[in-house]
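Next comes target.json, with JSON, C-alpha atoms.
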[["chain", "number", "residue", "atom", "x", "y", "z"],
["S", 1, "MET", "CA", 95.73, 93.24, 117.30],
["S", 2, "ALA", "CA", 94.34, 95.50, 114.55],
["S", 3, "LEU", "CA", 91.69, 92.92, 113.74],
["S", 4, "ARG", "CA", 90.64, 92.75, 117.39],
["S", 5, "ILE", "CA", 90.50, 96.53, 117.70],
["S", 6, "GLY", "CA", 88.50, 96.91, 114.52],
["S", 7, "SER", "CA", 86.10, 94.12, 115.39],
["S", 8, "PHE", "CA", 85.50, 95.58, 118.84],
["S", 9, "ALA", "CA", 84.85, 99.02, 117.32],
["S", 10, "VAL", "CA", 82.25, 97.55, 114.96],
["S", 11, "GLN", "CA", 80.55, 95.58, 117.72],
["S", 12, "TRP", "CA", 80.47, 98.61, 120.00],
["S", 13, "ALA", "CA", 79.15, 100.88, 117.23],
["S", 14, "VAL", "CA", 76.36, 98.45, 116.36],
["S", 15, "ARG", "CA", 75.41, 97.81, 119.98],
["S", 16, "GLN", "CA", 75.52, 101.48, 121.05],
["S", 17, "ARG", "CA", 74.31, 102.89, 117.72],
["S", 18, "ARG", "CA", 77.27, 105.28, 117.73],
["S", 19, "GLN", "CA", 79.83, 105.54, 114.94],
["S", 20, "GLU", "CA", 82.53, 107.44, 116.78],
["S", 21, "PRO", "CA", 85.01, 104.55, 117.31],
["S", 22, "LEU", "CA", 84.81, 103.56, 113.65],
["S", 23, "ARG", "CA", 85.11, 107.16, 112.49],
["S", 24, "ARG", "CA", 88.29, 107.57, 114.50],
["S", 25, "LEU", "CA", 89.75, 104.37, 113.11],
["S", 26, "ALA", "CA", 88.90, 105.44, 109.55],
["S", 27, "GLU", "CA", 90.62, 108.80, 109.99],
["S", 28, "SER", "CA", 93.69, 107.42, 111.77],
["S", 29, "TRP", "CA", 94.16, 104.31, 109.61],
["S", 30, "LYS", "CA", 93.66, 106.00, 106.22],
["S", 31, "GLY", "CA", 96.83, 105.64, 104.18],
["S", 32, "GLN", "CA", 98.27, 103.15, 106.66],
["S", 33, "ALA", "CA", 98.91, 99.42, 106.40],
["S", 34, "LEU", "CA", 95.94, 98.85, 108.71],
["S", 35, "TRP", "CA", 93.45, 100.39, 106.26],
["S", 36, "PRO", "CA", 92.56, 97.15, 104.38],
["S", 37, "THR", "CA", 91.81, 95.51, 107.73],
["S", 38, "LEU", "CA", 89.24, 98.19, 108.54],
["S", 39, "VAL", "CA", 87.58, 97.84, 105.14],
["S", 40, "ASP", "CA", 87.43, 94.05, 105.50],
["S", 41, "ILE", "CA", 85.87, 94.31, 108.97],
["S", 42, "VAL", "CA", 83.22, 96.81, 107.91],
["S", 43, "ASP", "CA", 82.44, 94.79, 104.79],
["S", 44, "SER", "CA", 82.03, 91.62, 106.84],
["S", 45, "ALA", "CA", 79.70, 93.42, 109.24],
["S", 46, "SER", "CA", 77.66, 94.77, 106.33],
["S", 47, "VAL", "CA", 76.57, 91.28, 105.29],
["S", 48, "HIS", "CA", 76.12, 89.83, 108.79],
["S", 49, "ALA", "CA", 72.50, 89.61, 109.86],
["S", 50, "ALA", "CA", 73.10, 91.07, 113.32],
["S", 51, "SER", "CA", 74.90, 94.18, 112.11],
["S", 52, "ALA", "CA", 73.88, 94.68, 108.47],
["S", 53, "SER", "CA", 71.06, 97.15, 109.03],
["S", 54, "TYR", "CA", 73.13, 99.56, 111.10],
["S", 55, "ILE", "CA", 76.24, 99.28, 108.91],
["S", 56, "HIS", "CA", 74.21, 99.93, 105.76],
["S", 57, "GLU", "CA", 72.92, 103.20, 107.21],
["S", 58, "MET", "CA", 76.39, 104.11, 108.42],
["S", 59, "LEU", "CA", 77.85, 103.55, 104.94],
["S", 60, "LEU", "CA", 75.20, 105.85, 103.48],
["S", 61, "GLN", "CA", 76.14, 108.56, 105.97],
["S", 62, "TRP", "CA", 79.83, 108.06, 105.28],
["S", 63, "ALA", "CA", 79.28, 108.29, 101.52],
["S", 64, "ARG", "CA", 77.55, 111.64, 102.10],
["S", 65, "SER", "CA", 80.22, 112.84, 104.53],
["S", 66, "SER", "CA", 82.70, 115.59, 103.72],
["S", 67, "VAL", "CA", 85.41, 113.56, 105.48],
["S", 68, "THR", "CA", 87.52, 111.86, 102.82],
["S", 69, "ALA", "CA", 88.41, 108.85, 104.98],
["S", 70, "GLN", "CA", 84.74, 108.04, 105.53],
["S", 71, "ARG", "CA", 83.89, 108.41, 101.85],
["S", 72, "LEU", "CA", 86.86, 106.27, 100.87],
["S", 73, "ALA", "CA", 85.83, 103.51, 103.27],
["S", 74, "ALA", "CA", 82.26, 103.56, 101.97],
["S", 75, "VAL", "CA", 83.41, 103.31, 98.36],
["S", 76, "GLU", "CA", 85.84, 100.48, 99.06],
["S", 77, "VAL", "CA", 83.22, 98.49, 100.94],
["S", 78, "CYS", "CA", 80.93, 98.87, 97.91],
["S", 79, "SER", "CA", 83.52, 97.00, 95.85],
["S", 80, "ARG", "CA", 83.47, 94.04, 98.23],
["S", 81, "GLU", "CA", 80.83, 91.52, 99.27],
["S", 82, "PHE", "CA", 78.43, 94.31, 100.27],
["S", 83, "GLY", "CA", 78.36, 95.50, 96.66],
["S", 84, "ARG", "CA", 77.77, 92.01, 95.32],
["S", 85, "GLN", "CA", 74.95, 91.20, 97.72],
["S", 86, "TYR", "CA", 73.36, 94.65, 97.85],
["S", 87, "THR", "CA", 74.12, 96.10, 94.41],
["S", 88, "VAL", "CA", 71.39, 98.74, 94.42],
["S", 89, "LYS", "CA", 72.37, 99.98, 97.88],
["S", 90, "ALA", "CA", 76.01, 100.09, 96.83],
["S", 91, "LEU", "CA", 75.15, 102.18, 93.78],
["S", 92, "ARG", "CA", 73.26, 104.69, 95.90],
["S", 93, "ARG", "CA", 76.29, 105.13, 98.11],
["S", 94, "LEU", "CA", 78.65, 105.42, 95.16],
["S", 95, "ARG", "CA", 76.44, 108.15, 93.73],
["S", 96, "HIS", "CA", 77.02, 110.33, 96.80],
["S", 97, "ALA", "CA", 80.75, 109.62, 96.97],
["S", 98, "ALA", "CA", 81.39, 110.14, 93.26],
["S", 99, "ALA", "CA", 81.53, 113.93, 93.58],
["S", 100, "ASP", "CA", 84.64, 113.70, 95.78],
["S", 101, "GLN", "CA", 87.72, 114.92, 93.91],
["S", 102, "ASP", "CA", 90.23, 113.21, 96.20],
["S", 103, "PRO", "CA", 92.48, 110.99, 94.02],
["S", 104, "ASP", "CA", 92.18, 108.03, 96.39],
["S", 105, "VAL", "CA", 88.39, 108.21, 96.35],
["S", 106, "ARG", "CA", 88.29, 108.51, 92.57],
["S", 107, "ARG", "CA", 90.56, 105.50, 92.11],
["S", 108, "ALA", "CA", 88.47, 103.52, 94.61],
["S", 109, "LEU", "CA", 85.32, 104.51, 92.73],
["S", 110, "GLN", "CA", 86.76, 103.15, 89.50],
["S", 111, "ARG", "CA", 87.70, 99.91, 91.20],
["S", 112, "ALA", "CA", 84.22, 99.61, 92.69],
["S", 113, "VAL", "CA", 82.53, 100.14, 89.33],
["S", 114, "HIS", "CA", 84.85, 97.64, 87.66],
["S", 115, "GLU", "CA", 84.20, 95.12, 90.42],
["S", 116, "LEU", "CA", 80.43, 95.48, 90.15],
["S", 117, "TRP", "CA", 80.64, 95.17, 86.37],
["S", 118, "SER", "CA", 82.61, 91.93, 86.74],
["S", 119, "GLU", "CA", 79.47, 90.37, 88.20],
["S", 120, "PRO", "CA", 77.38, 89.57, 85.07],
["S", 121, "THR", "CA", 74.06, 89.64, 86.90],
["S", 122, "ALA", "CA", 74.74, 93.18, 88.14],
["S", 123, "ARG", "CA", 75.63, 94.78, 84.80],
["S", 124, "SER", "CA", 72.16, 95.74, 83.66],
["S", 125, "THR", "CA", 71.28, 97.33, 87.01],
["S", 126, "LEU", "CA", 74.65, 99.06, 87.28],
["S", 127, "PHE", "CA", 74.46, 100.57, 83.81],
["S", 128, "SER", "CA", 70.83, 101.60, 84.21],
["S", 129, "TYR", "CA", 71.72, 103.57, 87.34],
["S", 130, "VAL", "CA", 74.76, 105.15, 85.72],
["S", 131, "VAL", "CA", 72.79, 106.33, 82.68],
["S", 132, "THR", "CA", 70.04, 107.72, 84.90],
["S", 133, "TRP", "CA", 72.64, 109.68, 86.88],
["S", 134, "CYS", "CA", 74.12, 111.02, 83.63],
["S", 135, "GLY", "CA", 70.76, 112.37, 82.52],
["S", 136, "ASP", "CA", 69.83, 114.13, 85.77],
["S", 137, "ASP", "CA", 71.30, 117.50, 86.74],
["S", 138, "ALA", "CA", 71.41, 116.54, 90.41],
["S", 139, "THR", "CA", 73.48, 113.41, 89.83],
["S", 140, "ARG", "CA", 75.30, 114.16, 86.58],
["S", 141, "GLN", "CA", 78.71, 114.46, 88.24],
["S", 142, "ALA", "CA", 78.32, 111.01, 89.77],
["S", 143, "GLY", "CA", 77.14, 109.65, 86.45],
["S", 144, "ARG", "CA", 80.04, 111.24, 84.63],
["S", 145, "GLU", "CA", 82.61, 109.70, 86.96],
["S", 146, "THR", "CA", 81.09, 106.22, 86.92],
["S", 147, "PHE", "CA", 80.37, 106.14, 83.18],
["S", 148, "ARG", "CA", 83.92, 107.20, 82.42],
["S", 149, "ALA", "CA", 85.19, 104.42, 84.68],
["S", 150, "LEU", "CA", 83.19, 101.88, 82.68],
["S", 151, "ALA", "CA", 84.11, 103.45, 79.35],
["S", 152, "SER", "CA", 87.79, 103.13, 80.30],
["S", 153, "ALA", "CA", 87.56, 99.43, 81.20],
["S", 154, "THR", "CA", 88.52, 96.76, 78.70],
["S", 155, "ASP", "CA", 87.34, 93.20, 78.19],
["S", 156, "ASP", "CA", 89.31, 90.54, 80.09],
["S", 157, "THR", "CA", 89.83, 88.50, 76.94],
["S", 158, "ALA", "CA", 90.43, 91.39, 74.52],
["S", 159, "SER", "CA", 92.50, 94.27, 75.88],
["S", 160, "ALA", "CA", 91.65, 96.56, 72.95],
["S", 161, "LEU", "CA", 87.88, 96.18, 73.37],
["S", 162, "PRO", "CA", 86.03, 98.46, 75.83],
["S", 163, "VAL", "CA", 83.62, 96.45, 77.97],
["S", 164, "LEU", "CA", 80.72, 98.70, 76.97],
["S", 165, "LEU", "CA", 81.23, 97.65, 73.34],
["S", 166, "THR", "CA", 81.35, 93.93, 74.09],
["S", 167, "ARG", "CA", 78.49, 92.12, 72.42],
["S", 168, "ASP", "CA", 78.87, 88.52, 73.60],
["S", 169, "GLY", "CA", 79.29, 88.90, 77.34],
["S", 170, "ASP", "CA", 78.31, 86.39, 79.99],
["S", 171, "SER", "CA", 75.28, 88.43, 81.02],
["S", 172, "GLY", "CA", 73.76, 88.84, 77.57],
["S", 173, "PHE", "CA", 73.45, 92.56, 78.37],
["S", 174, "THR", "CA", 74.23, 95.01, 75.58],
["S", 175, "PRO", "CA", 74.12, 98.77, 76.26],
["S", 176, "SER", "CA", 71.99, 100.64, 73.75],
["S", 177, "THR", "CA", 73.45, 103.30, 71.47],
["S", 178, "THR", "CA", 71.11, 105.84, 73.06],
["S", 179, "ASP", "CA", 72.34, 105.07, 76.57],
["S", 180, "LEU", "CA", 75.98, 105.12, 75.48],
["S", 181, "THR", "CA", 75.40, 108.53, 73.91],
["S", 182, "THR", "CA", 73.85, 109.81, 77.15],
["S", 183, "GLY", "CA", 76.90, 108.66, 79.07],
["S", 184, "TRP", "CA", 79.38, 110.21, 76.67],
["S", 185, "ARG", "CA", 77.38, 113.45, 76.65],
["S", 186, "ALA", "CA", 77.84, 113.70, 80.42],
["S", 187, "VAL", "CA", 81.57, 113.05, 80.07],
["S", 188, "LEU", "CA", 82.25, 115.46, 77.22],
["S", 189, "HIS", "CA", 79.91, 118.21, 78.43],
["S", 190, "GLY", "CA", 80.57, 117.87, 82.13],
["S", 191, "ALA", "CA", 84.11, 119.16, 82.39],
["S", 192, "LEU", "CA", 84.75, 122.85, 82.96],
["S", 193, "GLY", "CA", 88.07, 122.40, 81.24],
["S", 194, "LEU", "CA", 90.67, 119.75, 80.48],
["S", 195, "GLU", "CA", 91.37, 117.70, 83.58],
["S", 196, "SER", "CA", 94.85, 117.41, 84.98],
["S", 197, "ASP", "CA", 94.84, 113.62, 84.56],
["S", 198, "ASP", "CA", 93.28, 113.85, 81.08],
["S", 199, "ALA", "CA", 91.03, 110.92, 81.95],
["S", 200, "ASP", "CA", 88.30, 111.96, 79.52],
["S", 201, "ALA", "CA", 90.73, 112.08, 76.61],
["S", 202, "ALA", "CA", 92.18, 108.69, 77.57],
["S", 203, "ALA", "CA", 88.71, 107.13, 77.46],
["S", 204, "VAL", "CA", 88.01, 108.66, 74.03],
["S", 205, "ARG", "CA", 91.34, 107.39, 72.70],
["S", 206, "LEU", "CA", 90.55, 103.88, 73.94],
["S", 207, "TRP", "CA", 87.33, 103.87, 71.93],
["S", 208, "LEU", "CA", 89.10, 105.26, 68.88],
["S", 209, "ASP", "CA", 91.73, 102.53, 69.14],
["S", 210, "ALA", "CA", 88.92, 99.98, 69.25],
["S", 211, "THR", "CA", 87.69, 101.15, 65.84],
["S", 212, "ARG", "CA", 91.03, 100.13, 64.36],
["S", 213, "HIS", "CA", 91.16, 96.74, 66.06],
["S", 214, "TYR", "CA", 87.47, 96.12, 65.33],
["S", 215, "PRO", "CA", 86.56, 98.02, 62.13],
["S", 216, "GLY", "CA", 82.96, 96.88, 62.42],
["S", 217, "LEU", "CA", 82.60, 99.24, 65.39],
["S", 218, "LEU", "CA", 83.74, 102.33, 63.48],
["S", 219, "ASP", "CA", 80.35, 103.73, 62.49],
["S", 220, "GLU", "CA", 78.77, 103.03, 65.87],
["S", 221, "VAL", "CA", 81.59, 104.60, 67.90],
["S", 222, "LEU", "CA", 81.84, 107.73, 65.75],
["S", 223, "THR", "CA", 78.07, 108.17, 65.71],
["S", 224, "ILE", "CA", 77.92, 107.90, 69.51],
["S", 225, "LEU", "CA", 80.75, 110.39, 70.08],
["S", 226, "SER", "CA", 79.59, 112.91, 67.49],
["S", 227, "THR", "CA", 75.97, 112.79, 68.65],
["S", 228, "ALA", "CA", 77.07, 113.28, 72.26],
["S", 229, "VAL", "CA", 78.47, 116.74, 71.46],
["S", 230, "GLN", "CA", 75.79, 118.01, 69.09],
["S", 231, "ASP", "CA", 74.03, 120.17, 71.67],
["S", 232, "GLU", "CA", 76.24, 122.82, 73.21],
["S", 233, "THR", "CA", 75.62, 123.84, 76.83],
["S", 234, "ALA", "CA", 76.05, 127.27, 78.33],
["S", 235, "THR", "CA", 77.79, 125.81, 81.39],
["S", 236, "SER", "CA", 80.79, 124.53, 79.45],
["S", 237, "ARG", "CA", 83.88, 126.74, 79.38],
["S", 238, "GLU", "CA", 84.91, 125.12, 76.15],
["S", 239, "SER", "CA", 82.86, 123.71, 73.31],
["S", 240, "PRO", "CA", 82.39, 119.96, 73.79],
["S", 241, "ARG", "CA", 82.46, 119.66, 70.00],
["S", 242, "ASP", "CA", 85.80, 121.44, 69.76],
["S", 243, "ARG", "CA", 87.12, 119.47, 72.70],
["S", 244, "LEU", "CA", 86.26, 116.16, 71.04],
["S", 245, "ARG", "CA", 87.71, 117.32, 67.74],
["S", 246, "ALA", "CA", 90.98, 118.28, 69.45],
["S", 247, "ILE", "CA", 91.24, 114.94, 71.26],
["S", 248, "VAL", "CA", 90.69, 113.00, 68.04],
["S", 249, "ARG", "CA", 93.08, 115.24, 66.09],
["S", 250, "THR", "CA", 95.82, 114.66, 68.65],
["S", 251, "TRP", "CA", 95.15, 110.92, 68.52],
["S", 252, "ALA", "CA", 95.29, 110.97, 64.71],
["S", 253, "GLN", "CA", 98.72, 112.61, 64.79],
["S", 254, "ASP", "CA", 100.31, 109.84, 66.86],
["S", 255, "PRO", "CA", 103.50, 108.37, 65.37],
["S", 256, "ASP", "CA", 101.82, 105.18, 64.16],
["S", 257, "ALA", "CA", 99.27, 107.09, 62.07],
["S", 258, "GLY", "CA", 98.84, 105.73, 58.59],
["S", 259, "PRO", "CA", 97.99, 102.28, 57.24],
["S", 260, "PRO", "CA", 98.02, 99.83, 60.16],
["S", 261, "PRO", "CA", 100.69, 97.13, 59.86],
["S", 262, "ASN", "CA", 99.49, 93.55, 59.63],
["S", 263, "GLY", "CA", 100.33, 91.30, 62.53],
["S", 264, "PHE", "CA", 100.32, 94.03, 65.16],
["S", 265, "GLY", "CA", 96.82, 93.64, 66.52],
["S", 266, "THR", "CA", 94.92, 95.40, 63.74],
["S", 267, "PRO", "CA", 93.28, 93.63, 60.79],
["S", 268, "SER", "CA", 94.18, 94.37, 57.19],
["S", 269, "ASP", "CA", 91.00, 96.38, 56.65],
["S", 270, "ALA", "CA", 91.51, 98.57, 59.72],
["S", 271, "PRO", "CA", 91.03, 102.29, 59.03],
["S", 272, "ASP", "CA", 94.07, 104.47, 59.60],
["S", 273, "ARG", "CA", 93.91, 107.27, 62.15],
["S", 274, "THR", "CA", 93.57, 110.04, 59.59],
["S", 275, "GLU", "CA", 90.60, 108.28, 58.04],
["S", 276, "VAL", "CA", 88.90, 108.01, 61.44],
["S", 277, "TYR", "CA", 89.53, 111.70, 62.14],
["S", 278, "THR", "CA", 88.20, 112.74, 58.73],
["S", 279, "LYS", "CA", 85.04, 110.70, 59.16],
["S", 280, "LEU", "CA", 84.40, 112.09, 62.64],
["S", 281, "THR", "CA", 84.98, 115.64, 61.42],
["S", 282, "GLN", "CA", 82.37, 115.09, 58.71],
["S", 283, "LEU", "CA", 79.87, 113.86, 61.29],
["S", 284, "LEU", "CA", 80.58, 116.84, 63.55],
["S", 285, "ASP", "CA", 80.12, 119.27, 60.65],
["S", 286, "ASP", "CA", 76.90, 117.55, 59.60],
["S", 287, "GLY", "CA", 75.66, 117.82, 63.17],
["S", 288, "LEU", "CA", 76.53, 121.51, 63.27],
["S", 289, "VAL", "CA", 74.58, 122.16, 60.07],
["S", 290, "ALA", "CA", 71.62, 120.14, 61.33],
["S", 291, "SER", "CA", 71.66, 122.08, 64.60],
["S", 292, "PHE", "CA", 71.66, 125.38, 62.71],
["S", 293, "HIS", "CA", 68.70, 124.37, 60.56],
["S", 294, "ARG", "CA", 66.83, 123.14, 63.62],
["S", 295, "LYS", "CA", 67.32, 126.44, 65.44],
["S", 296, "VAL", "CA", 66.23, 128.39, 62.36],
["S", 297, "SER", "CA", 63.13, 126.23, 62.06],
["S", 298, "GLU", "CA", 62.29, 126.68, 65.74],
["S", 299, "SER", "CA", 62.73, 130.45, 65.60],
["S", 300, "GLY", "CA", 60.63, 130.75, 62.47],
["S", 301, "GLU", "CA", 62.95, 133.28, 60.92],
["S", 302, "VAL", "CA", 66.25, 133.53, 59.12],
["S", 303, "ARG", "CA", 68.64, 136.31, 60.03],
["S", 304, "ILE", "CA", 71.06, 137.39, 57.37],
["S", 305, "PRO", "CA", 74.47, 138.26, 58.84],
["S", 306, "ALA", "CA", 75.36, 141.96, 58.47]]
What do you get writing this file as structure tokens?
Amino acid sequence: MALRIGSFAVQWAVRQRRQEPLRRLAESWKGQALWPTLVDIVDSASVHAASASYIHEMLLQWARSSVTAQRLAAVEVCSREFGRQYTVKALRRLRHAAADQDPDVRRALQRAVHELWSEPTARSTLFSYVVTWCGDDATRQAGRETFRALASATDDTASALPVLLTRDGDSGFTPSTTDLTTGWRAVLHGALGLESDDADAAAVRLWLDATRHYPGLLDEVLTILSTAVQDETATSRESPRDRLRAIVRTWAQDPDAGPPPNGFGTPSDAPDRTEVYTKLTQLLDDGLVASFHRKVSESGEVRIPA
């Protein structure tokens, strides 16, 4: 019955060019067992020649809507066949929905990003869009959310390896250090304070753990993270540099700090947590000194503290 109702609503909406029946279903079925049926029906219509054009425009409007149910539906459809066949269109809709702070929408956004990343041919386009969002004031929030979702994902064959650090993927695509730094800058600068779910810190810890499982990544990861917080911003309530330092310090003080035991997923030459923290601290201090000298050089004068 639900399938028949949903299908009729889609057909009526496409024929009459009016979204009202689908809007009502989205709002009434959200959080209910019928919700997946609605998403499946809309997704199917989005790739059907007779209805695709109208549904694509509707999804764009829903992604921009202030109604959570509509945004959630748009995001979930982007993780389905619509996202695979129309990746660029899906990314545009995710950009608008990414600013929504509703937990369901945020979880759906992460699933959508993961799903798009799982398609090797879409990775380059996906990451290019995400980095562009991270570097633009108008879309930085969307970029921050989507980059963090990717930064928190791990390789299917190596649970300790973040997908963005994978070098031998099916697509042959490797994110550049510059682009990774741009993404992390948006994450570490973008928050106005520590988030309740501590998602930023969890992503940082994942990358720190990777340096112990894959020591060859140590210099790259620490350089990316330290460079991302070199330039302070006036909009941050807390220093991104201090925030990163605190996250890494807390990670370094975990119970298993010290020489990593052999046979437990870390190689014999893996750095211990204290060593990682010390090296990052040195990079942060070096960056602070370099920033000071740069500002002095730009101002053309040296002020002696009173």
Mind giving me the straight-line distance from atom CA of S:Pro267 to atom CA of S:Leu217 in Å, one decimal?
12.9 Å
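Counting from atom CA of S:Ala149, the distance to atom CA of S:Asp136 is 18.2 Å.
Minimum distance to S:Thr68 across S:Ala97, S:Val221, S:Ala201, S:Val131 (counting all atoms listed in the file) occurs at S:Ala97.
If you measure from each of S:Arg107, S:Thr146, S:Arg245, S:Ala52 to S:Leu91 using only C-alpha atoms, the closest one turns out to be S:Thr146.
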Would you mind reading off the distance between atom CA of S:Arg140 and atom CA of S:Glu119, one decimal, in Å?
24.2 Å
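Comparing the minimum interatomic distances between S:Thr281 and each of S:Gln110, S:Ser239, S:Gln11, S:Thr223, counting only C-alpha atoms, we find that S:Thr223 sits nearest.
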Give me the residues within 8 Å of S:Val75 as a PyMOL selection string, counting all atoms listed in the file and dropping any in the same chain fewer than 3 places off.
chain S and resi 63+71-72+78-79+93-94+97+105+108-109+112
Residues of the last selection are to be written out with C-alpha atoms, as an mmCIF file, in the coordinates of the input.
data_model
loop_
_atom_site.group_PDB
_atom_site.id
_atom_site.type_symbol
_atom_site.label_atom_id
_atom_site.label_comp_id
_atom_site.auth_asym_id
_atom_site.auth_seq_id
_atom_site.Cartn_x
_atom_site.Cartn_y
_atom_site.Cartn_z
ATOM 1 C CA ALA S 63 79.280 108.290 101.520
ATOM 2 C CA ARG S 71 83.890 108.410 101.850
ATOM 3 C CA LEU S 72 86.860 106.270 100.870
ATOM 4 C CA CYS S 78 80.930 98.870 97.910
ATOM 5 C CA SER S 79 83.520 97.000 95.850
ATOM 6 C CA ARG S 93 76.290 105.130 98.110
ATOM 7 C CA LEU S 94 78.650 105.420 95.160
ATOM 8 C CA ALA S 97 80.750 109.620 96.970
ATOM 9 C CA VAL S 105 88.390 108.210 96.350
ATOM 10 C CA ALA S 108 88.470 103.520 94.610
ATOM 11 C CA LEU S 109 85.320 104.510 92.730
ATOM 12 C CA ALA S 112 84.220 99.610 92.690
#
Shell of 6 Å around stretch 204-215 of chain S, all atoms listed in the file, local chain residues under 6 positions omitted, as a PyMOL selection string:
chain S and resi 160-161+266+270-271
Create the file for the chosen residues now, containing C-alpha atoms and written as a PDB file, keeping the file's coordinate frame.
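Final file, part_35.pdb:
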ATOM      1  CA  ALA S 160      91.650  96.560  72.950  1.00  0.00           C
ATOM      2  CA  LEU S 161      87.880  96.180  73.370  1.00  0.00           C
ATOM      3  CA  THR S 266      94.920  95.400  63.740  1.00  0.00           C
ATOM      4  CA  ALA S 270      91.510  98.570  59.720  1.00  0.00           C
ATOM      5  CA  PRO S 271      91.030 102.290  59.030  1.00  0.00           C
TER       6      PRO S 271
END
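Each of S:Ser51, S:Glu81, S:Thr157, S:Ala228 was compared to S:Cys134 using all atoms listed in the file, and S:Ala228 turns out to be the nearest.
Proximity of S:Ile55, S:Ala98, S:Val88, S:Ile224 to S:Leu126, computed with only C-alpha atoms, is greatest for S:Val88.
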So which one's closest to S:Arg167, S:Ala186, S:Leu38, S:Thr181, S:Gly216? Using all atoms listed in the file, please.
S:Gly216
Selection: 10 Å around S:Leu3, all atoms listed in the file, excl. self and same-chain fewer than 6 positions, as a VMD selection string:
chain S and resid 9 34 37 to 38 40 to 41
Could you pull the residues within 8 Å of S:Gln253, counting all atoms listed in the file, minus those fewer than 3 positions along the same chain, as a CSV table (one decimal) with C-alpha atoms, keeping the file's coordinate frame?
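Result written to part.csv:
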chain,number,residue,atom,x,y,z
S,249,ARG,CA,93.1,115.2,66.1
S,250,THR,CA,95.8,114.7,68.6
S,257,ALA,CA,99.3,107.1,62.1
S,273,ARG,CA,93.9,107.3,62.2
S,274,THR,CA,93.6,110.0,59.6
Please output stretch 76-80 of chain S, rebuilt to include all heavy atoms, as a tab-separated table (two decimals), in the coordinates of the input.
chain	number	residue	atom	x	y	z
S	76	GLU	N	85.12	101.75	99.11
S	76	GLU	CA	85.84	100.48	99.06
S	76	GLU	C	84.97	99.32	99.51
S	76	GLU	O	85.07	98.21	98.97
S	76	GLU	CB	87.12	100.58	99.88
S	76	GLU	CG	88.15	101.52	99.27
S	76	GLU	CD	89.56	101.24	99.75
S	76	GLU	OE1	89.79	100.17	100.35
S	76	GLU	OE2	90.44	102.09	99.52
S	77	VAL	N	84.12	99.55	100.50
S	77	VAL	CA	83.22	98.49	100.94
S	77	VAL	C	82.24	98.13	99.81
S	77	VAL	O	81.87	96.97	99.64
S	77	VAL	CB	82.46	98.91	102.22
S	77	VAL	CG1	81.34	97.91	102.54
S	77	VAL	CG2	83.43	98.99	103.39
S	78	CYS	N	81.85	99.13	99.03
S	78	CYS	CA	80.93	98.87	97.91
S	78	CYS	C	81.54	97.97	96.85
S	78	CYS	O	80.82	97.38	96.04
S	78	CYS	CB	80.50	100.20	97.27
S	78	CYS	SG	79.34	101.16	98.27
S	79	SER	N	82.86	97.87	96.83
S	79	SER	CA	83.52	97.00	95.85
S	79	SER	C	83.71	95.58	96.38
S	79	SER	O	84.22	94.72	95.66
S	79	SER	CB	84.89	97.58	95.48
S	79	SER	OG	85.80	97.47	96.56
S	80	ARG	N	83.28	95.35	97.60
S	80	ARG	CA	83.47	94.04	98.23
S	80	ARG	C	82.15	93.25	98.22
S	80	ARG	O	81.29	93.44	97.37
S	80	ARG	CB	83.99	94.21	99.66
S	80	ARG	CG	85.23	95.09	99.80
S	80	ARG	CD	86.47	94.48	99.21
S	80	ARG	NE	87.65	95.32	99.41
S	80	ARG	CZ	88.47	95.24	100.44
S	80	ARG	NH1	88.24	94.36	101.41
S	80	ARG	NH2	89.54	96.03	100.53
